[in-house]
file entry36.txt (compact mmCIF, C-alpha atoms and all ligand atoms)
# COMPACT_ATOMS: atom_id res chain seq x y z
CA MET F 1 158.68 30.50 81.49
CA VAL F 2 157.34 29.31 78.13
CA LEU F 3 157.14 25.58 77.40
CA VAL F 4 157.93 25.03 73.72
CA THR F 5 156.77 21.56 72.68
CA GLY F 6 158.46 20.46 69.46
CA GLY F 7 161.00 23.24 69.95
CA ALA F 8 163.82 21.29 68.30
CA GLY F 9 161.92 21.15 65.00
CA TYR F 10 161.95 23.49 62.04
CA ILE F 11 159.52 26.20 63.17
CA GLY F 12 160.14 25.58 66.87
CA SER F 13 163.89 26.17 66.67
CA HIS F 14 163.40 29.50 64.89
CA THR F 15 160.72 30.49 67.38
CA CYS F 16 163.08 29.77 70.32
CA ILE F 17 165.47 32.38 68.91
CA SER F 18 162.71 34.98 68.49
CA LEU F 19 161.40 34.30 72.01
CA ILE F 20 164.83 34.68 73.58
CA GLU F 21 165.53 37.84 71.60
CA ALA F 22 162.21 39.20 72.88
CA GLY F 23 163.23 38.46 76.47
CA TYR F 24 161.20 35.31 77.17
CA ASP F 25 162.61 32.40 79.18
CA LEU F 26 161.79 29.02 77.74
CA VAL F 27 162.15 25.28 78.01
CA VAL F 28 162.08 23.03 74.95
CA PHE F 29 160.22 19.71 75.25
CA ASP F 30 160.82 17.29 72.38
CA ASN F 31 161.20 13.56 71.74
CA PHE F 32 163.35 14.11 68.60
CA CYS F 33 161.12 11.90 66.47
CA ASN F 34 161.59 14.38 63.63
CA SER F 35 164.52 16.51 64.74
CA SER F 36 167.96 16.33 66.32
CA ARG F 37 169.81 17.73 69.33
CA GLU F 38 172.07 19.46 66.87
CA SER F 39 169.40 22.04 66.01
CA LEU F 40 169.26 23.11 69.66
CA LYS F 41 173.04 23.27 69.91
CA ARG F 42 173.02 25.62 66.95
CA VAL F 43 170.24 27.71 68.47
CA GLU F 44 172.43 28.02 71.59
CA LYS F 45 175.28 29.27 69.41
CA ILE F 46 173.05 31.85 67.76
CA VAL F 47 171.62 33.22 71.01
CA GLY F 48 174.88 32.82 72.94
CA ARG F 49 173.46 30.94 75.89
CA LYS F 50 172.19 27.54 77.08
CA ILE F 51 168.65 26.49 76.25
CA ASN F 52 166.61 24.66 78.89
CA PHE F 53 165.71 21.29 77.52
CA PHE F 54 163.56 18.33 78.64
CA GLU F 55 163.44 15.17 76.55
CA GLY F 56 159.94 13.73 76.56
CA ASP F 57 156.86 12.71 74.64
CA ILE F 58 153.63 14.73 74.78
CA ARG F 59 151.72 11.42 74.94
CA SER F 60 153.35 10.62 78.29
CA SER F 61 151.69 12.18 81.36
CA GLU F 62 154.79 11.22 83.30
CA ASP F 63 157.11 13.15 80.98
CA LEU F 64 154.78 16.15 81.04
CA ASP F 65 154.55 16.05 84.84
CA GLY F 66 158.33 15.98 84.89
CA VAL F 67 158.73 19.15 82.87
CA PHE F 68 155.96 21.01 84.72
CA LYS F 69 157.59 20.09 88.04
CA ALA F 70 161.09 21.00 86.94
CA PHE F 71 160.19 24.44 85.55
CA GLU F 72 157.72 27.16 86.44
CA ILE F 73 155.71 27.17 83.27
CA ASP F 74 153.31 30.00 82.60
CA SER F 75 152.38 29.38 78.96
CA VAL F 76 152.83 26.82 76.19
CA ILE F 77 153.65 27.11 72.51
CA HIS F 78 152.61 23.78 71.09
CA PHE F 79 154.47 22.73 67.94
CA ALA F 80 154.93 19.02 68.69
CA GLY F 81 153.18 16.91 66.09
CA LEU F 82 153.59 14.88 62.94
CA LYS F 83 153.07 16.76 59.69
CA ALA F 84 153.46 14.61 56.57
CA VAL F 85 150.16 14.43 54.71
CA GLY F 86 150.93 11.25 52.73
CA GLU F 87 152.17 9.43 55.83
CA SER F 88 149.00 10.45 57.68
CA VAL F 89 146.90 8.70 55.02
CA ALA F 90 148.97 5.52 55.43
CA GLU F 91 149.21 5.71 59.25
CA PRO F 92 146.08 7.51 60.49
CA VAL F 93 146.15 5.95 63.95
CA MET F 94 149.72 7.11 64.50
CA TYR F 95 148.70 10.65 63.50
CA TYR F 96 145.61 10.77 65.70
CA ASP F 97 147.58 9.30 68.59
CA ASN F 98 150.50 11.66 68.29
CA ASN F 99 148.70 14.87 67.36
CA VAL F 100 145.26 14.54 68.96
CA SER F 101 145.91 12.27 71.96
CA GLY F 102 149.21 14.05 72.56
CA THR F 103 147.45 17.41 72.70
CA VAL F 104 144.79 16.03 75.05
CA LYS F 105 147.53 14.78 77.41
CA LEU F 106 149.24 18.15 77.20
CA CYS F 107 145.99 19.93 78.12
CA GLU F 108 145.47 17.53 81.06
CA ALA F 109 148.95 18.34 82.33
CA MET F 110 148.36 22.07 81.83
CA ASN F 111 145.12 21.90 83.81
CA LYS F 112 146.79 19.93 86.56
CA HIS F 113 149.62 22.43 86.87
CA LYS F 114 147.31 25.45 86.50
CA CYS F 115 148.89 26.65 83.30
CA LYS F 116 146.09 27.75 81.00
CA LYS F 117 147.71 29.65 78.15
CA ILE F 118 148.44 27.96 74.85
CA VAL F 119 149.47 29.00 71.35
CA PHE F 120 148.75 26.18 68.91
CA SER F 121 150.26 25.42 65.48
CA SER F 122 147.33 24.99 63.17
CA SER F 123 147.49 25.10 59.40
CA ALA F 124 145.83 26.61 56.36
CA THR F 125 145.01 23.02 55.49
CA VAL F 126 141.89 23.42 57.73
CA TYR F 127 140.31 25.54 54.94
CA GLY F 128 140.22 22.50 52.62
CA ASP F 129 139.58 23.69 49.06
CA PRO F 130 138.56 27.33 49.67
CA HIS F 131 135.75 28.74 47.52
CA THR F 132 137.72 31.92 46.93
CA THR F 133 141.00 33.67 47.84
CA PRO F 134 142.33 35.45 49.84
CA ILE F 135 141.29 33.26 52.74
CA LYS F 136 139.76 34.81 55.84
CA GLU F 137 139.56 33.17 59.26
CA ASP F 138 135.76 32.79 59.10
CA PHE F 139 135.83 30.69 55.91
CA PRO F 140 134.25 27.20 56.15
CA LEU F 141 136.55 24.49 57.53
CA SER F 142 137.15 21.02 56.15
CA ALA F 143 139.91 18.49 55.74
CA THR F 144 140.72 15.85 53.19
CA ASN F 145 143.31 13.78 55.06
CA PRO F 146 144.07 12.60 58.61
CA TYR F 147 146.78 15.23 59.15
CA GLY F 148 144.33 18.02 58.30
CA ARG F 149 141.62 16.41 60.42
CA SER F 150 144.00 16.17 63.37
CA LYS F 151 144.46 19.95 63.17
CA LEU F 152 140.70 20.52 62.89
CA PHE F 153 139.99 18.22 65.85
CA ILE F 154 142.60 19.93 68.01
CA GLU F 155 141.16 23.35 67.19
CA GLU F 156 137.72 22.09 68.26
CA ILE F 157 139.07 20.46 71.43
CA LEU F 158 140.76 23.71 72.44
CA ARG F 159 137.55 25.66 71.76
CA ASP F 160 135.62 23.19 73.94
CA ILE F 161 138.15 23.62 76.72
CA PHE F 162 137.61 27.37 76.62
CA VAL F 163 133.82 26.92 76.75
CA SER F 164 134.23 24.78 79.86
CA ASP F 165 136.68 27.14 81.56
CA SER F 166 137.04 30.73 80.38
CA GLU F 167 140.28 31.17 82.33
CA TRP F 168 142.00 29.52 79.38
CA LYS F 169 143.76 31.82 76.93
CA ILE F 170 144.04 30.14 73.53
CA VAL F 171 145.55 31.29 70.24
CA LEU F 172 145.14 29.15 67.12
CA LEU F 173 147.69 30.16 64.50
CA ARG F 174 146.93 28.94 61.00
CA TYR F 175 150.21 28.89 59.11
CA PHE F 176 150.33 29.13 55.36
CA ASN F 177 153.52 27.70 53.74
CA PRO F 178 156.57 28.19 55.98
CA VAL F 179 159.90 28.36 54.11
CA GLY F 180 163.33 29.95 54.50
CA ALA F 181 165.79 29.73 57.34
CA HIS F 182 167.63 31.80 59.92
CA LYS F 183 170.04 34.37 58.43
CA SER F 184 173.05 32.59 59.97
CA GLY F 185 172.52 29.64 57.61
CA THR F 186 173.07 27.27 60.55
CA ILE F 187 169.47 26.15 61.21
CA GLY F 188 166.74 25.33 58.73
CA GLU F 189 164.32 22.71 57.47
CA ASP F 190 165.83 19.21 57.44
CA PRO F 191 163.28 16.79 56.03
CA ASN F 192 163.83 13.02 56.26
CA GLY F 193 164.41 11.35 52.89
CA ILE F 194 162.99 12.84 49.72
CA PRO F 195 161.12 16.05 50.58
CA ASN F 196 157.35 16.25 50.02
CA ASN F 197 157.21 20.02 50.14
CA LEU F 198 158.20 22.35 47.34
CA MET F 199 160.95 24.53 48.85
CA PRO F 200 163.18 21.80 50.23
CA TYR F 201 162.71 19.91 46.97
CA ILE F 202 163.81 22.95 44.95
CA ALA F 203 166.74 23.58 47.31
CA GLN F 204 167.97 19.98 47.08
CA THR F 205 167.67 20.11 43.30
CA ALA F 206 169.69 23.33 43.16
CA VAL F 207 172.42 21.85 45.40
CA GLY F 208 172.62 18.76 43.15
CA LYS F 209 171.17 16.17 45.55
CA LEU F 210 168.04 15.68 43.43
CA GLU F 211 167.93 15.68 39.67
CA CYS F 212 164.70 17.27 38.63
CA LEU F 213 161.68 18.88 40.25
CA SER F 214 158.31 17.44 39.20
CA VAL F 215 155.90 20.35 38.99
CA PHE F 216 152.60 18.82 40.06
CA GLY F 217 150.14 20.08 37.46
CA GLY F 218 150.54 22.66 34.70
CA ASP F 219 146.84 23.07 33.97
CA TYR F 220 145.43 24.75 37.07
CA ASP F 221 143.31 27.84 36.70
CA THR F 222 146.19 30.14 37.67
CA GLU F 223 148.33 32.60 35.74
CA ASP F 224 150.92 30.06 34.57
CA GLY F 225 148.90 26.88 35.23
CA THR F 226 150.89 25.82 38.32
CA GLY F 227 149.67 25.84 41.94
CA VAL F 228 149.71 29.10 43.88
CA ARG F 229 150.61 29.31 47.59
CA ASP F 230 151.34 31.87 50.27
CA TYR F 231 154.98 31.21 51.22
CA ILE F 232 155.95 32.81 54.51
CA HIS F 233 159.46 33.22 55.91
CA VAL F 234 159.93 31.07 59.02
CA VAL F 235 161.46 34.02 60.88
CA ASP F 236 158.30 36.07 60.26
CA LEU F 237 156.27 33.09 61.41
CA ALA F 238 158.38 32.82 64.57
CA ASP F 239 157.75 36.48 65.27
CA GLY F 240 154.00 35.82 65.01
CA HIS F 241 154.32 33.51 68.04
CA VAL F 242 156.06 36.18 70.07
CA LYS F 243 153.31 38.64 69.15
CA ALA F 244 150.68 36.08 70.17
CA LEU F 245 152.32 35.62 73.59
CA ASN F 246 152.59 39.37 74.02
CA ILE F 247 148.80 39.78 73.88
CA ILE F 248 147.64 36.44 75.28
CA ASN F 249 146.77 37.76 78.76
CA LYS F 250 144.28 40.22 77.27
CA LEU F 251 142.25 37.62 75.40
CA GLU F 252 138.60 37.21 76.26
CA ASN F 253 137.88 34.56 73.67
CA VAL F 254 139.74 31.98 71.61
CA LEU F 255 141.74 33.89 69.02
CA THR F 256 142.18 32.33 65.57
CA VAL F 257 144.49 34.03 63.08
CA ASN F 258 146.06 33.38 59.72
CA LEU F 259 149.82 33.76 59.49
CA GLY F 260 150.57 34.39 55.84
CA THR F 261 151.90 37.23 53.72
CA GLY F 262 148.79 37.74 51.60
CA ASN F 263 150.80 37.13 48.41
CA GLY F 264 150.38 34.12 46.17
CA TYR F 265 153.32 32.69 44.20
CA SER F 266 153.14 29.88 41.68
CA VAL F 267 155.48 26.89 41.59
CA LEU F 268 157.28 28.39 38.60
CA ASP F 269 157.57 31.79 40.37
CA MET F 270 159.33 29.99 43.20
CA VAL F 271 161.64 28.13 40.82
CA LYS F 272 162.64 31.42 39.20
CA ALA F 273 163.12 33.20 42.52
CA PHE F 274 165.28 30.33 43.78
CA GLU F 275 167.41 30.33 40.63
CA LYS F 276 167.99 34.06 41.08
CA ALA F 277 168.92 33.69 44.75
CA SER F 278 171.22 30.70 44.26
CA GLY F 279 172.69 31.36 40.84
CA LYS F 280 171.91 27.69 40.07
CA THR F 281 169.61 26.12 37.54
CA VAL F 282 166.65 24.20 38.93
CA ASN F 283 165.70 21.47 36.43
CA TYR F 284 162.00 20.84 36.32
CA LYS F 285 159.35 19.04 34.32
CA ILE F 286 155.59 19.39 34.34
CA ALA F 287 154.07 16.25 35.90
CA PRO F 288 150.50 15.15 36.69
CA ARG F 289 148.65 16.91 39.49
CA ARG F 290 149.21 15.55 43.02
CA ALA F 291 146.09 14.04 44.56
CA GLY F 292 144.52 16.34 47.14
CA ASP F 293 146.24 19.52 45.89
CA ILE F 294 144.29 22.71 45.31
CA ALA F 295 144.88 25.44 42.71
CA LYS F 296 145.27 28.49 44.94
CA CYS F 297 145.75 29.15 48.62
CA TYR F 298 146.77 32.47 50.11
CA ALA F 299 145.85 34.36 53.22
CA ASP F 300 144.07 37.53 54.04
CA PRO F 301 146.51 38.50 56.82
CA SER F 302 144.65 41.65 57.95
CA TYR F 303 143.20 40.08 61.10
CA ALA F 304 146.71 39.18 62.31
CA LEU F 305 147.71 42.82 61.94
CA GLU F 306 144.61 44.00 63.76
CA GLN F 307 144.77 41.48 66.61
CA LEU F 308 148.50 40.83 67.03
CA GLY F 309 150.05 43.89 65.42
CA TRP F 310 151.87 41.38 63.23
CA SER F 311 152.58 41.35 59.52
CA ALA F 312 155.17 39.54 57.43
CA LYS F 313 158.26 41.60 56.68
CA LEU F 314 160.37 39.29 54.52
CA GLY F 315 159.73 38.70 50.83
CA VAL F 316 160.28 35.85 48.47
CA ASP F 317 163.88 36.91 47.69
CA GLU F 318 164.87 36.60 51.36
CA MET F 319 163.00 33.30 51.63
CA CYS F 320 165.02 31.85 48.75
CA GLU F 321 168.36 33.43 49.75
CA ASP F 322 168.08 32.16 53.33
CA SER F 323 166.88 28.75 52.28
CA TRP F 324 169.81 28.52 49.86
CA ARG F 325 172.35 29.61 52.51
CA TRP F 326 171.10 26.84 54.82
CA GLN F 327 170.97 24.23 52.05
CA SER F 328 174.36 25.03 50.50
CA ASN F 329 176.13 25.22 53.90
CA ASN F 330 174.42 22.03 55.10
CA PRO F 331 173.73 19.79 52.11
CA GLU F 332 173.17 16.84 54.45
CA GLY F 333 171.12 18.83 56.96
CA TYR F 334 172.01 18.31 60.63
CA THR F 335 173.43 14.81 60.15
CA ALA F 336 176.72 15.82 58.49
P1 LIG F 401 158.93 19.53 62.70
O1 LIG F 401 158.65 18.10 62.46
O2 LIG F 401 160.22 20.09 62.23
O3 LIG F 401 158.81 19.84 64.27
C1 LIG F 401 157.95 19.15 65.11
C2 LIG F 401 158.72 18.76 66.36
O4 LIG F 401 157.85 18.07 67.26
C3 LIG F 401 159.91 17.84 66.08
O5 LIG F 401 161.05 18.33 66.72
C4 LIG F 401 159.47 16.50 66.65
O6 LIG F 401 160.56 15.74 67.10
C5 LIG F 401 158.55 16.95 67.77
N1 LIG F 401 157.51 15.96 68.15
C6 LIG F 401 156.65 15.33 67.33
N2 LIG F 401 155.87 14.50 68.05
C7 LIG F 401 156.23 14.62 69.35
C8 LIG F 401 155.80 14.05 70.55
N3 LIG F 401 154.83 13.12 70.57
N4 LIG F 401 156.38 14.43 71.71
C9 LIG F 401 157.37 15.35 71.71
N5 LIG F 401 157.83 15.93 70.59
C10 LIG F 401 157.28 15.57 69.42
O7 LIG F 401 157.70 20.35 62.11
P2 LIG F 401 157.53 21.91 61.91
O8 LIG F 401 157.53 22.16 60.45
O9 LIG F 401 158.44 22.66 62.77
O10 LIG F 401 156.03 22.07 62.40
C11 LIG F 401 155.70 22.44 63.73
C12 LIG F 401 154.20 22.44 63.88
O11 LIG F 401 153.61 23.32 62.94
C13 LIG F 401 153.55 21.06 63.64
O12 LIG F 401 152.50 20.91 64.56
C14 LIG F 401 153.02 21.19 62.24
O13 LIG F 401 151.90 20.36 62.01
C15 LIG F 401 152.62 22.65 62.19
N6 LIG F 401 152.59 23.18 60.83
C16 LIG F 401 153.69 23.05 60.04
C17 LIG F 401 153.68 23.52 58.74
C18 LIG F 401 154.89 23.36 57.86
O14 LIG F 401 154.75 23.46 56.65
N7 LIG F 401 156.08 23.15 58.38
C19 LIG F 401 152.52 24.13 58.26
C20 LIG F 401 151.42 24.27 59.08
C21 LIG F 401 151.47 23.77 60.38
C1 LIG F 402 151.38 20.95 52.15
C2 LIG F 402 150.38 20.03 52.79
C3 LIG F 402 149.55 20.83 53.79
C4 LIG F 402 150.45 21.53 54.78
C5 LIG F 402 151.39 22.43 53.98
C6 LIG F 402 152.34 23.22 54.82
C7 LIG F 402 149.93 18.35 51.07
C8 LIG F 402 148.94 17.82 50.09
N1 LIG F 402 149.56 19.44 51.76
O1 LIG F 402 150.70 21.95 51.46
O2 LIG F 402 148.69 19.98 54.47
O3 LIG F 402 149.70 22.29 55.68
O4 LIG F 402 152.17 21.59 53.11
O5 LIG F 402 153.44 22.46 55.15
O6 LIG F 402 151.01 17.82 51.24
N2 LIG F 402 154.79 21.00 44.42
C9 LIG F 402 155.36 20.58 43.24
N3 LIG F 402 156.35 19.64 43.31
C10 LIG F 402 156.81 19.13 44.47
C11 LIG F 402 156.23 19.57 45.69
C12 LIG F 402 155.21 20.50 45.62
O7 LIG F 402 154.97 21.02 42.18
O8 LIG F 402 157.71 18.28 44.45
C13 LIG F 402 153.73 22.03 44.38
C14 LIG F 402 152.40 21.59 44.97
O9 LIG F 402 151.60 20.98 43.99
C15 LIG F 402 151.86 22.94 45.46
C16 LIG F 402 153.10 23.73 45.86
O10 LIG F 402 154.18 23.11 45.16
O11 LIG F 402 151.22 23.62 44.40
C17 LIG F 402 153.38 23.69 47.36
O12 LIG F 402 153.42 22.34 47.79
P1 LIG F 402 153.86 21.92 49.26
O13 LIG F 402 155.13 22.60 49.62
O14 LIG F 402 153.81 20.45 49.36
O15 LIG F 402 152.75 22.59 50.18
P2 LIG F 402 151.14 22.45 50.08
O16 LIG F 402 150.75 21.42 49.11
O17 LIG F 402 150.61 23.81 49.92
call {"tool": "encode", "arguments": {"input": "entry36.txt", "output": "structure tokens", "more": "lines below"}}
Ligand code: NAD
Ligand code: UD1
result
Amino acid sequence: MVLVTGGAGYIGSHTCISLIEAGYDLVVFDNFCNSSRESLKRVEKIVGRKINFFEGDIRSSEDLDGVFKAFEIDSVIHFAGLKAVGESVAEPVMYYDNNVSGTVKLCEAMNKHKCKKIVFSSSATVYGDPHTTPIKEDFPLSATNPYGRSKLFIEEILRDIFVSDSEWKIVLLRYFNPVGAHKSGTIGEDPNGIPNNLMPYIAQTAVGKLECLSVFGGDYDTEDGTGVRDYIHVVDLADGHVKALNIINKLENVLTVNLGTGNGYSVLDMVKAFEKASGKTVNYKIAPRRAGDIAKCYADPSYALEQLGWSAKLGVDEMCEDSWRWQSNNPEGYTA
């Protein structure tokens, strides 16, 4: 059985579907600090069966003991964490406590219950401001905010654990920019308040909840002057986790891979693609650059293909169509 921490969240809920479709049994462990029970109910509808669920906090050894005792857990996919960059600058202790201390507690519980296989959600943010693109896994690492540092620290902690005990099987997945939603249009990204990330902002503008997208910077050294990113469909990303679990037993070292498409799209490319997919106009204005942003970030995904047999299948049109289906069917997210 696979323990999916943070499985009620955006990427976790999609990954539960892919795992079940691939024949894995799983139990979701979540404290709902950034998600709702409703997402799991909808996952159950999609897969047509009940999902094992344990409410708990990864910072609580008691909660973790509870889930390890209640289920026979063989491996862990570890999504649970806080992810808002701006909030991490304002509340660093909360971020280090939740993300870093929480992961340490999880590893303690795993050791105790002799479960030594983990797939961890890292991020392309660990490359800082890359000297060139596309980004390969061996590029220098750095971080400019507590969220990014929490990811870097966790990567290092997991590498240290492997050095101390080579029975551990560890996969570090560095996601580029996850977007899109399940084809059903019933689950998707449901950010609290005004979104920080581009796609939900565009989607809420198209649906009429927000008035105008501020494009952060029109003077970058890119084709149209706006920032370039590697947007990856969340269903492709979910599949990357299944592929990681499929090969985890064979690992002889910590495996670190980029999950991206290898294609870079600018902010204005995404606005145009979303307008095409939704048939709506997305009002935007060029605004000052956002502090901490970089011009270009996209993956070299060839190592993922070599090591996991994984590559992204869905393009930017599907990302926008699926994101629009979710947004237009659920303008208030899961709360409606
Ligand atoms: P999300 O907020 O939708 O999901 C995270 C889930 O973890 C939520 O359900 C939340 O309730 C749960 N959680 C948080 N702290 C917890 C705790 N202490 N105990 C138990 N549950 C807890 O985020 P997401 O977008 O699905 O991201 C999942 C993971 O992927 C995170 O670790 C995130 O940092 C990482 N990641 C996300 C992105 C992205 O753009 N979405 C990019 C790179 C990496
Ligand atoms: C952000 C996080 C990063 C995290 C990643 C994946 C920051 C600074 N970085 O990256 O740590 O790993 O999400 O979730 O938050 N944009 C606009 N207007 C908006 C929002 C965004 O123009 O309202 C632009 C940004 O300047 C950027 C692009 O859209 O060029 C993508 O932004 P966003 O979705 O926030 O992702 P990243 O900044 O790449």
call {"tool": "residues_near_ligand", "arguments": {"input": "entry36.txt", "ligand": "ligand LIG 401 (chain F)", "cutoff": "9 Å", "atoms": "only C-alpha atoms and all ligand atoms", "output": "PyMOL selection string"}}
result
chain F and resi 5-14+29-36+55-60+78-84+97-99+102-103+120-125+147-148+151+173-179+189-191+197+234
call {"tool": "closest_atom_pairs", "arguments": {"input": "entry36.txt", "of": "chain F", "to": "ligand LIG 402 (chain F)", "cutoff": "8 Å", "atoms": "all atoms listed in the file", "output": "tab-separated table"}}
result
residue	atom	partner	partner_atom	distance
F:Lys83	CA	F:LIG402	O5	7.3
F:Ala84	CA	F:LIG402	O6	6.7
F:Val85	CA	F:LIG402	O6	4.9
F:Gly86	CA	F:LIG402	O6	6.7
F:Ser123	CA	F:LIG402	O3	5.2
F:Ala124	CA	F:LIG402	O3	5.8
F:Thr125	CA	F:LIG402	O3	4.8
F:Tyr147	CA	F:LIG402	O2	6.9
F:Gly148	CA	F:LIG402	O2	6.1
F:Tyr175	CA	F:LIG402	C6	7.4
F:Phe176	CA	F:LIG402	C6	6.3
F:Asn177	CA	F:LIG402	C6	4.8
F:Pro178	CA	F:LIG402	O5	6.6
F:Pro195	CA	F:LIG402	O8	7.4
F:Asn196	CA	F:LIG402	O14	5.5
F:Asn197	CA	F:LIG402	O13	3.4
F:Leu198	CA	F:LIG402	C11	3.8
F:Met199	CA	F:LIG402	O13	6.2
F:Tyr201	CA	F:LIG402	O8	5.8
F:Ile202	CA	F:LIG402	O8	7.7
F:Leu213	CA	F:LIG402	O8	5.8
F:Ser214	CA	F:LIG402	N3	5.1
F:Val215	CA	F:LIG402	O7	3.4
F:Phe216	CA	F:LIG402	O7	3.9
F:Gly217	CA	F:LIG402	O9	6.8
F:Thr226	CA	F:LIG402	O11	6.5
F:Gly227	CA	F:LIG402	O11	3.7
F:Val228	CA	F:LIG402	O11	5.7
F:Arg229	CA	F:LIG402	O17	6.0
F:Ser266	CA	F:LIG402	O11	7.1
F:Val267	CA	F:LIG402	O10	5.4
F:Ala287	CA	F:LIG402	O7	7.9
F:Arg289	CA	F:LIG402	O9	6.7
F:Arg290	CA	F:LIG402	O9	6.0
F:Ala291	CA	F:LIG402	C8	7.3
F:Gly292	CA	F:LIG402	C8	5.5
F:Asp293	CA	F:LIG402	C8	5.3
F:Ile294	CA	F:LIG402	O11	7.0
F:Ala295	CA	F:LIG402	O11	6.8
F:Lys296	CA	F:LIG402	O11	7.7
F:Cys297	CA	F:LIG402	O17	7.3
call {"tool": "atom_distance", "arguments": {"input": "entry36.txt", "atom1": "atom CA of F:Gly315", "atom2": "atom CA of F:Ala244"}}
result
21.5 Å
call {"tool": "residues_around", "arguments": {"input": "entry36.txt", "residues": "F:Trp324", "least_positions_apart": "6", "cutoff": "8 Å", "atoms": "all atoms listed in the file", "output": "list in words"}}
result
Ala203, Phe274, Ala277 and Ser278 of chain F
call {"tool": "closest_residue", "arguments": {"input": "entry36.txt", "among": "F:Asp269, F:Arg42, F:Ile286, F:Ala238", "to": "F:Glu223", "atoms": "only C-alpha atoms"}}
result
F:Asp269
call {"tool": "atom_distance", "arguments": {"input": "entry36.txt", "atom1": "atom CA of F:Val76", "atom2": "atom CA of F:Ala109"}}
result
11.2 Å
call {"tool": "residues_around", "arguments": {"input": "entry36.txt", "residues": "F:Ser166", "least_positions_apart": "6", "cutoff": "12 Å", "atoms": "all atoms listed in the file", "output": "MDAnalysis selection string"}}
result
chainID F and resid 116:117 158:160 251:254
call {"tool": "closest_residue", "arguments": {"input": "entry36.txt", "among": "F:Tyr298, F:Ser142, F:Cys212, F:Val2", "to": "F:Gly23", "atoms": "only C-alpha atoms"}}
result
F:Val2
call {"tool": "atom_distance", "arguments": {"input": "entry36.txt", "atom1": "atom CA of F:Leu245", "atom2": "atom CA of F:Glu156"}}
result
20.6 Å
call {"tool": "residues_around", "arguments": {"input": "entry36.txt", "residues": "F:Ile51", "least_positions_apart": "2", "cutoff": "9 Å", "atoms": "all atoms listed in the file", "output": "list in words"}}
result
Cys16, Asp25, Leu26, Val27, Val28, Leu40, Lys41, Val43, Glu44, Arg49 and Phe53 of chain F
call {"tool": "closest_residue", "arguments": {"input": "entry36.txt", "among": "F:Glu155, F:Asp300, F:Asp236, F:Glu321", "to": "F:Ile170", "atoms": "only C-alpha atoms"}}
result
F:Glu155
call {"tool": "residues_around", "arguments": {"input": "entry36.txt", "residues": "F:Val316", "least_positions_apart": "4", "cutoff": "9 Å", "atoms": "only C-alpha atoms", "output": "PyMOL selection string"}}
result
chain F and resi 180+231-233+265+270+273-274+320-321
call {"tool": "write_last_selection", "arguments": {"input": "entry36.txt", "atoms": "C-alpha atoms", "output": "CSV table (one decimal), in the frame of the given file"}}
result
chain,number,residue,atom,x,y,z
F,180,GLY,CA,163.3,30.0,54.5
F,231,TYR,CA,155.0,31.2,51.2
F,232,ILE,CA,156.0,32.8,54.5
F,233,HIS,CA,159.5,33.2,55.9
F,265,TYR,CA,153.3,32.7,44.2
F,270,MET,CA,159.3,30.0,43.2
F,273,ALA,CA,163.1,33.2,42.5
F,274,PHE,CA,165.3,30.3,43.8
F,320,CYS,CA,165.0,31.8,48.8
F,321,GLU,CA,168.4,33.4,49.8
call {"tool": "closest_residue", "arguments": {"input": "entry36.txt", "among": "F:Lys112, F:Pro146, F:Phe68, F:Val104", "to": "F:Pro92", "atoms": "only C-alpha atoms"}}
result
F:Pro146
call {"tool": "closest_residue", "arguments": {"input": "entry36.txt", "among": "F:Ala299, F:Cys115, F:Asp74, F:Asn145", "to": "F:Glu91", "atoms": "all atoms listed in the file"}}
result
F:Asn145
call {"tool": "closest_residue", "arguments": {"input": "entry36.txt", "among": "F:Ile247, F:Val119, F:Val126, F:Leu237", "to": "F:Thr261", "atoms": "only C-alpha atoms"}}
result
F:Leu237
